[in-house]
Structure formats: structure tokens, C-alpha cells
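Beneath this line is the structure, given in C-alpha cells, with notes to follow.
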Amino acid sequence: MSMTEQRSSQWYAGDDRNAYIHRAWMRRGLPQHAFDGRPHIAIANTASDLTPCNAHFDEVAASVKQGVYEAGGIPVNLPVVSLGETLMRPTAMLWRNMAAMATEELFRGNPIDGVVLLGGCDKTIPALLMAAASVDLPAVVVPGGPMLTGTFRGRPLGCGTDVWRLSEETRAGSLSQEQFARSESSMIRSRGHCNTMGTASTMGLLAEALGMVIPGLAGTPAPDSRLLAASHESGRLAVDLVRQDRRPSSILTRAAFHNAIVALAAIGGSTNAVVHLLAIAGRLGITLNLDDIDHIGAEVPLLVDLQPAGRFLMEDLHRAGGLRPVLREVRDLLDATARTVTGGLLVDGLDEAEIWDTEVIRRRAAPIRECAGIAVLRGNLAPSGAVIKPAAASPELLRHRGRAVVFDSIEDMNARIDSPELDVDADSVLVLRGCGPRGYPGMPEVANMPLPRKLLERGVRDMVRICDGRMSGTAYGTVVLHVAPEAAAGGPLALVRTGDPIVLDVEARTIDVDIEQAELDRRSPPAELTDALADPARGWERLYVDHVMQADTGADLDFLRGSTGDRVSRESH
Ligand code: FES
């Protein structure tokens with residue numbers, strides 16, 4: 001490809017003053033031939049000390065750089081917005097769209113021909129993919145990988161999942177406060193993201209199922225030297241992607257999303273993936289809705305026995321063979337037309353993918369569960385839909401009727417959940433509202449609300465819970481979440497009162513409050529709920545609250561849907 005054919009040549013080619021300025025300011029060690037028409041590859045780097053899951057990305061980026069150079073390209077480090085799941089308040093999800101928007105503009109506004117996306121912690125891969133989809137420059141993802149397995153008192157610790165378990169055991173009195181504190185230093189053994197099948201693990205694997213990762217790479221633990229070798233290879237590939245003009249829009253097709261939904265069910269992935277897949281598809285103009293998630297996933301067996309629903313951790317999945325043999329087992333359910341960044345088909349070479357431990361990855365003939373997809377519920381509580389992950393729920397609660405115990409905010413729940421006076425029993429249905437995209441704002445991971453202490457002490461370990469927020473991918477329980485429309489957007493969840501009978505029937509895909517519609521029509525939302533509505537005066541929150549869409553369409557901003565491409569129409573110099 002000649003100089004004039006590269007996008008970066010719009011900045012660097014020619015003899016005029018502008019080209020001189022662009023080249024001169026980049027000539028800090030770059031040789032003259034860096035501007036002779038080679039592809040310039042941005043390494044979108046989410047390394048940050050405040051995103052501990054991604055803190056190793058500078059080393060990963062160094063390997064990517066070597067690969068780019070080796071293939072004849074010029075690598076440029078591009079730090080982008082990084083979101084640390086555990087630290088950012090009130091919730092990292094509030095900024096997923098901001099990270100995607102800022103990254104999109106950085107891609108478009110800079111002299112680059114292709115991008116390597118370094119993501120790990122929950123929101124980082126979704127935001128990077130949303131950005132890449134909207135700019136549609138050649139792109140490849142390097143998932144940063146999970147941490148190694150830590151142990152406590154001889155038992156492996158699932159990062160995230162065991163935090164919930166240990167804290168519930170402490171609240172129930174079966175673990176001392178001192179022991180709980182001691183487990184803290186055992187939880188995080190190494191660099192890398194959470195090691196359960198949480199959102200980060202899920203999105204890394206789904207990025208590969210979507211075709212955006214070198215096949216076989218996703219799930220490689222962060223400290224594994226093979227991650228660096230694959231990062232080098234990804235750098236080489238990025239240069240090739242530019243030369244072949246292979247763009248995300250040719251990879252992220254409807255077939256790719258079909259395969260991601262199949263993979264999501266087979267690995268027992270996080271419910272958060274539903275929101276992220278819908279948002280990424282929205283950037284590409286692909287029609288994908290909640291019903292697709294339910295229908296495509298419905299026949300898929302659960303094959304991966306990982307926490308939070310199962311026993312093992314990501315290091316075990318990698319040892320057992322990773323995603324490829326999982327895909328081989330469900331090959332007949334995949335769309336065989338989907339392509340990957342390599343230019344080949346996702347199904348190419350699947351026959352050679354071996355399972356090395358059938359406890360961790362089950363064979364199709366002996367699944368953990370026959371039908372593992374995330375179920376989409378509708379009814380007078382969720383006219384636009386809600387989701388539940390049956391694989392993480394208690395089977396006996398999937399069909400349930402119980403009295404509502406309603407909380408109007410997280411603060412309300414925290415204040416009353418452990419009160420001895422709380423009128424609740426094991427059959428009650430806990431309802432938490434005011435936690436949707438607009439209402440909180442940011443749709444935090446609170447749907448798996450803690451159980452009332454007095455029930456925990458009686459041995460109750462799960463209850464039906466309903467919320468317009470999200471749930472951590474590392475959490476478990478019979479939780480109906482992403483209720484849409486949310487209470488703050490006029491959803492009927494706002495009209496439920498404590499004592500109302502709630503009926504959940506996952507097989508029938510329904511979630512209802514069993515009272516007359518006329519009675520619902522007579523009710524209005526409680527003042528506490530509307531008074532608490534966020535009304536930020538300025539900044540990102542103002543923009544977010546004014547434009548965020550509901551969970552059933554991916555909670556993107558309404559004006560960010562679709563793609564603008566890589567074209568820059570004006571130049572200021
Ligand atoms: Fe980063 Fe869990 S906190 S992946």
C-alpha cells in the first residue's frame with residue numbers, strides 16, 4: 001500500500017507546512033521512514049494504577065509494539081479512559097459510555113490506521129469495542145487475562161464470588177471478623193482481572209467469540225508468558241489488518257453476535273454481557289434485542305463449571321483448554337459464516353480443540369445443565385423486559401409466588417435490611433428500585449441485595465430478588481434484574497407496594513405483580529422515589545441522565561448509537 005493510501009498519510013504525506021508540523025512533532029526518536037507509508041497502529045491502553053486489573057498493560061503494550069514494528073508498522077501508545085470496577089464511585093457503569101465516546105474521538109481525531117485494544121476489567125473491553133465499532137478502523141482486542149487462583153485456609157478463592165460468600169458467612173456468624181479480614185490478603189494472588197466467570201472473564205471470552213481476538217488467546221492468565229507472545233502476534237496482526245483493510249464492521253456481523261450469545265450461555269457468563277452486547281451491536285446498526293438473547297441461548301447447554309454458579313476458576317478453564325473446545329462442543333449451534341480478525345472463520349480448526357479436563361469443561365453429552373441461556377422475562381412488572389440467569393439461581397425458586405418487601409433506594413435497603421422489625425420471611429420477594437440507568441444514575445451492581453440477617457441466621461441462603469439495576473458477574477442467586485423500564489423512567493416497578501403478591505415463572509418467561517391493572521393505574525410512585533431522582537446540574541452526569549437509554553437496548557446514550565466512521569472532515573492548521 002502506498003503512502004497516499006494510508007489514513008495517516010492525511011497528516012504525514014506531502015511537503016507542505018501541515019505535513020511538516022505533523023511529522024516534526026512526532027520525530028522524537030522516530031526515523032524518517034516512519035512516515036513513508038507504514039501503517040500507524042495505536043495501542044489503546046487502559047493501564048492505570050486505579051484499575052488494578054489492567055495495571056500490567058504497559059508490559060503487554062511493549063510486546064504489542066514489538067509485533068507492530070516487526071510487521072513493518074509504527075506503534076503509538078494511546079492511553080485511554082480506564083475504569084476500575086472496584087474503586088470508581090458511584091459505579092463504573094456510569095462512565096462506560098463516556099469511555100467509549102472519548103476513545104472513539106481519540107481514534108478518529110488522530111493519525112492512526114489501526115488499533116490494538118487492551119482491555120480487561122469489566123467495562124474496558126465493552127467500551128473499547130463500542131468505540132472501535134463506531135470508528136470502524138481495523139482493530140484487534142488483547143484481553144488482559146484473569147489473575148491466578150489464590151487460596152485461603154487451603155481452599156481456592158474465587159475473586160469476587162468468595163467475597164460475597166465470606167461476607168455472608170461473617171454476617172451469619174459462621175466466620176469471625178478476624179478470619180474475614182485475614183482472607184483479604186489471599187484474594188488477589190497476581191496481576192489480572194477477577195478469576196471467576198464474572199463480567200471481565202465473560203467479555204474477554206465473548207470478544208473472542210465475536211471474532212475480535214486471535215483464536216485461543218482469551219482467558220490466558222495475565223501472568224502467563226503466552227499472553228505476551230500473543231500480544232506480540234496481535235501487534236503483527238494489526239498491521240496486516242490495515243493492509244487487508246479488514247475492519248470491525250466485516251467481523252462484528254449478526255453472525256458474530258449469534259456466536260457470542262451461544263458462547264455466553266455455554267460458559268455461563270455474566271448477565272452484564274447482555275447490556276454490553278446490545279450496546280456494541282447498536283453501534284454497528286445491527287438489529288439485536290433481548291428476544292435474540294433468549295431465543296439463541298435457549299437451546300445451549302452449560303458446559304463450563306466455573307464460579308459463581310459452579311466450582312472452578314479461570315486458571316482451570318485455561319488449563320482445560322479454554323474457549324475453543326467449548327465452541328467445538330456447541331459447533332452445530334454456531335453460525336459458521338462468522339469470520340475473525342485472522343480472516344478465517346471462527347469455526348476453522350475447532351476440530352483440533354481438545355478438552356483436557358472434563359470436570360471443568362463438560363462434553364456436550366454430559367452438560368451441567370441442558371438449557372443455560374439467560375432468560376428474558378416480561379409482564380406487568382417489566383413491560384420492556386428483565387433478565388435472570390437460571391444457572392446462577394436456585395431451581396426451586398424459578399417458579400415462585402411471594403409477598404413484596406420494597407426498598408426505594410440502596411440507602412433505604414441498607415438502613416432496613418437487617419432490622420429485626422423488617423416484615424419478611426423466606427418466601428418474600430425483595431424489591432429494590434431506583435437503581436436503573438437514570439435513577440441511580442449509572443445502573444449499579446446491587447440487584448443481588450444481601451439477605452435479611454434474621455433469615456440468614458435461620459439458614460436461608462437465597463430468595464427471589466427484583467431490581468432495575470445490574471448484578472455483579474461474580475454474584476449468584478435468584479435475581480431478576482435489568483427491569484425495564486426502570487422505576488425512575490416511569491416503569492411499573494415504581495408502583496409496587498410492600499405486601500403485593502409477586503409471581504415469577506421463569507419457564508413461562510413472566511414476572512408480574514398479581515393485582516388488578518385498575519389498582520395499579522390508581523397508584524402513583526412514592527414521593528421518596530421521585531424526590532431521589534438524580535438531577536445533576538452539570539458535567540457528564542447531566543449528559544448521561546438526559547440521554548441514557550434503558551437496559552433493554554444496552555443503556556448507551558441515544559446519540560451514540562450508530563457509526564460515524566473514521567473520516568475527519570476539517571483540518572484546523
Ligand atoms: Fe476488575 Fe473484577 S474488579 S475484573
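Within each chain, counting starts at residue 1; across the C-alpha cells, chains are named A, B, ... in the order shown, with ligands numbered 1 upward in that order.
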message: Give me, as a list in words, the set of residues whose atoms come within 6 Å of any atom of ligand 1, counting only C-alpha atoms and all ligand atoms.
response: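 The distance check yields Cys53, Glu85, Thr86, Cys121, Asp122, His193, Cys194 and Ala200 of chain A.
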Could you dump the residues just selected with N, CA and C atoms as an mmCIF file, in the first residue's frame?
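And here is the file that came out, selection16.cif:
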data_model
loop_
_atom_site.group_PDB
_atom_site.id
_atom_site.type_symbol
_atom_site.label_atom_id
_atom_site.label_comp_id
_atom_site.auth_asym_id
_atom_site.auth_seq_id
_atom_site.Cartn_x
_atom_site.Cartn_y
_atom_site.Cartn_z
ATOM 1 N N CYS A 53 -6.821 -4.312 37.811
ATOM 2 C CA CYS A 53 -6.938 -5.469 36.908
ATOM 3 C C CYS A 53 -6.170 -5.252 35.604
ATOM 4 N N GLU A 85 -13.326 -1.296 38.274
ATOM 5 C CA GLU A 85 -14.647 -1.703 38.740
ATOM 6 C C GLU A 85 -14.832 -1.545 40.242
ATOM 7 N N THR A 86 -13.797 -1.897 40.996
ATOM 8 C CA THR A 86 -13.996 -1.923 42.445
ATOM 9 C C THR A 86 -13.872 -0.545 43.080
ATOM 10 N N CYS A 121 -10.528 -5.278 32.910
ATOM 11 C CA CYS A 121 -11.558 -5.047 33.918
ATOM 12 C C CYS A 121 -12.898 -4.728 33.243
ATOM 13 N N ASP A 122 -13.964 -5.059 33.948
ATOM 14 C CA ASP A 122 -15.309 -5.207 33.374
ATOM 15 C C ASP A 122 -15.700 -4.301 32.210
ATOM 16 N N HIS A 193 -7.447 -9.717 35.944
ATOM 17 C CA HIS A 193 -8.800 -9.382 36.407
ATOM 18 C C HIS A 193 -9.402 -10.535 37.199
ATOM 19 N N CYS A 194 -10.604 -10.334 37.686
ATOM 20 C CA CYS A 194 -11.270 -11.332 38.532
ATOM 21 C C CYS A 194 -11.250 -12.703 37.850
ATOM 22 N N ALA A 200 -15.586 -9.455 33.496
ATOM 23 C CA ALA A 200 -14.320 -9.305 32.770
ATOM 24 C C ALA A 200 -13.978 -10.594 32.026
#
message: Please list as number ranges by chain every residue within 7 Å of segment 217-220 of chain A, counting only C-alpha atoms and excluding residues in the same chain fewer than 6 positions away.
response: A: 143, 145-146, 201, 204-205, 208, 227, 230, 314, 318, 322
statement: re atom CA of His56 of chain A and atom CA of Ser225 of chain A: distance 12.3 Å
- request: Enumerate, as a PyMOL selection string, the complete set of residues in segment 178-337 of chain A that a backbone-based DSSP assignment places in alpha helix (DSSP H).
  value: chain A and resi 178-187+199-209+225-244+248-251+254-267+272-284+290-298+314-320+323-329
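We find atom CA of Leu504 of chain A and atom CA of Asn380 of chain A to be spaced 11.3 Å apart.
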task: Skip Glu519 of chain A itself and residues of its chain fewer than 3 positions away, then list as a list in words all residues within 12 Å of it, counting only C-alpha atoms.
output: Pro492, Leu495, Val496, Arg497, Asp500, Val513, Asp514, Ile515, Glu516, Arg522, Arg523 and Ser524 of chain A
Cut-off 12 Å: closest segment 244-303 of chain A/segment 540-564 of chain A atom pairs per residue, using only C-alpha atoms, as a Markdown table:
| residue | atom | partner | partner_atom | distance |
| --- | --- | --- | --- | --- |
| A:Pro248 | CA | A:Ser563 | CA | 11.2 |
| A:Ser249 | CA | A:Ser563 | CA | 9.8 |
| A:Thr271 | CA | A:Ala551 | CA | 11.4 |
| A:Asn272 | CA | A:Gly554 | CA | 9.7 |
| A:Ala273 | CA | A:Gly554 | CA | 9.5 |
| A:Val274 | CA | A:Gly554 | CA | 7.4 |
| A:Val275 | CA | A:Gly554 | CA | 4.3 |
| A:His276 | CA | A:Gly554 | CA | 6.1 |
| A:Leu277 | CA | A:Gly554 | CA | 7.3 |
| A:Leu278 | CA | A:Gly554 | CA | 4.7 |
| A:Ala279 | CA | A:Gly554 | CA | 4.3 |
| A:Ile280 | CA | A:Gly554 | CA | 8.1 |
| A:Ala281 | CA | A:Gly562 | CA | 8.7 |
| A:Gly282 | CA | A:Arg561 | CA | 5.4 |
| A:Arg283 | CA | A:Gly562 | CA | 4.1 |
| A:Leu284 | CA | A:Gly562 | CA | 5.5 |
| A:Gly285 | CA | A:Gly562 | CA | 5.5 |
| A:Ile286 | CA | A:Gly562 | CA | 9.0 |
| A:Thr287 | CA | A:Thr553 | CA | 10.2 |
| A:Leu288 | CA | A:Thr553 | CA | 8.5 |
| A:Asn289 | CA | A:Thr553 | CA | 6.9 |
| A:Leu290 | CA | A:Asp552 | CA | 6.3 |
| A:Asp291 | CA | A:Asp552 | CA | 9.8 |
| A:Asp292 | CA | A:Asp552 | CA | 11.5 |
| A:Ile293 | CA | A:Asp552 | CA | 10.7 |
message: List the spatial neighbours of segment 439-452 of chain A as an MDAnalysis selection string - criterion: any atom at most 6 Å away, only C-alpha atoms, same-chain residues fewer than 4 positions off excluded.
response: chainID A and resid 91 93:94 417:418 434:435 467 469:472 488 533
- prompt: Quick one: residues within 8 Å of Val326 of chain A, only C-alpha atoms counted, chain neighbours fewer than 4 positions away excluded, as a VMD selection string?
  reply: chain A and resid 263 266 to 267 303 to 304 322 330 361
Since we have the selection now, will you write its residues out, keeping C-alpha atoms, as a short mmCIF file (atom, residue, chain, number, x, y, z; two decimals), in the first residue's frame?
data_model
loop_
_atom_site.label_atom_id
_atom_site.label_comp_id
_atom_site.auth_asym_id
_atom_site.auth_seq_id
_atom_site.Cartn_x
_atom_site.Cartn_y
_atom_site.Cartn_z
CA ALA A 263 -20.79 -18.74 23.91
CA ALA A 266 -22.19 -22.29 27.17
CA ILE A 267 -19.70 -20.62 29.51
CA LEU A 303 -20.58 -26.70 29.70
CA VAL A 304 -18.19 -24.69 31.86
CA GLY A 322 -10.13 -22.52 27.14
CA VAL A 330 -21.63 -26.44 20.51
CA ILE A 361 -15.36 -28.25 30.54
#
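For the atom pair formed by atom CA of Pro39 of chain A and atom CA of Ala100 of chain A, the distance is 23.3 Å, given to one decimal.
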field: Within 12 Å of Arg165 of chain A using only C-alpha atoms, minus same-chain residues under 5 positions, as a list in words
entry: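 Residues near the query, excluding close chain neighbours: Leu157, Gly158, Cys159, Gly160, Thr170, Arg171, Ala172, Ser174, Leu175, Phe180, Ser183, Gln307, Pro308, Pro450, Leu451, Leu456, Arg461, Asp462, Thr474, Ala475, Tyr476 and Gly477 of chain A.
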Report as JSON lines the residues of segment 107-177 of chain A within 7 Å of segment 240-244 of chain A, each with its shortest atom pair and distance in Å (one decimal), using only C-alpha atoms, ordered by chain and increasing residue number.
{"residue": "A:Asp113", "atom": "CA", "partner": "A:Val242", "partner_atom": "CA", "distance": 6.4}
{"residue": "A:Gly114", "atom": "CA", "partner": "A:Val242", "partner_atom": "CA", "distance": 6.0}
{"residue": "A:Pro138", "atom": "CA", "partner": "A:Leu241", "partner_atom": "CA", "distance": 5.7}
Limited to N, CA, C and O atoms, could you put the picked residues into a file as an mmCIF file, in the first residue's frame?
data_model
loop_
_atom_site.group_PDB
_atom_site.id
_atom_site.type_symbol
_atom_site.label_atom_id
_atom_site.label_comp_id
_atom_site.auth_asym_id
_atom_site.auth_seq_id
_atom_site.Cartn_x
_atom_site.Cartn_y
_atom_site.Cartn_z
ATOM 1 N N ASP A 113 -4.014 4.264 11.657
ATOM 2 C CA ASP A 113 -4.605 3.419 10.609
ATOM 3 C C ASP A 113 -5.273 2.173 11.187
ATOM 4 O O ASP A 113 -6.080 1.532 10.520
ATOM 5 N N GLY A 114 -4.891 1.805 12.388
ATOM 6 C CA GLY A 114 -5.475 0.635 13.026
ATOM 7 C C GLY A 114 -5.248 0.725 14.523
ATOM 8 O O GLY A 114 -4.479 1.579 14.994
ATOM 9 N N PRO A 138 -9.512 -0.736 11.424
ATOM 10 C CA PRO A 138 -9.067 -2.109 11.708
ATOM 11 C C PRO A 138 -8.639 -2.242 13.170
ATOM 12 O O PRO A 138 -7.880 -1.401 13.681
#
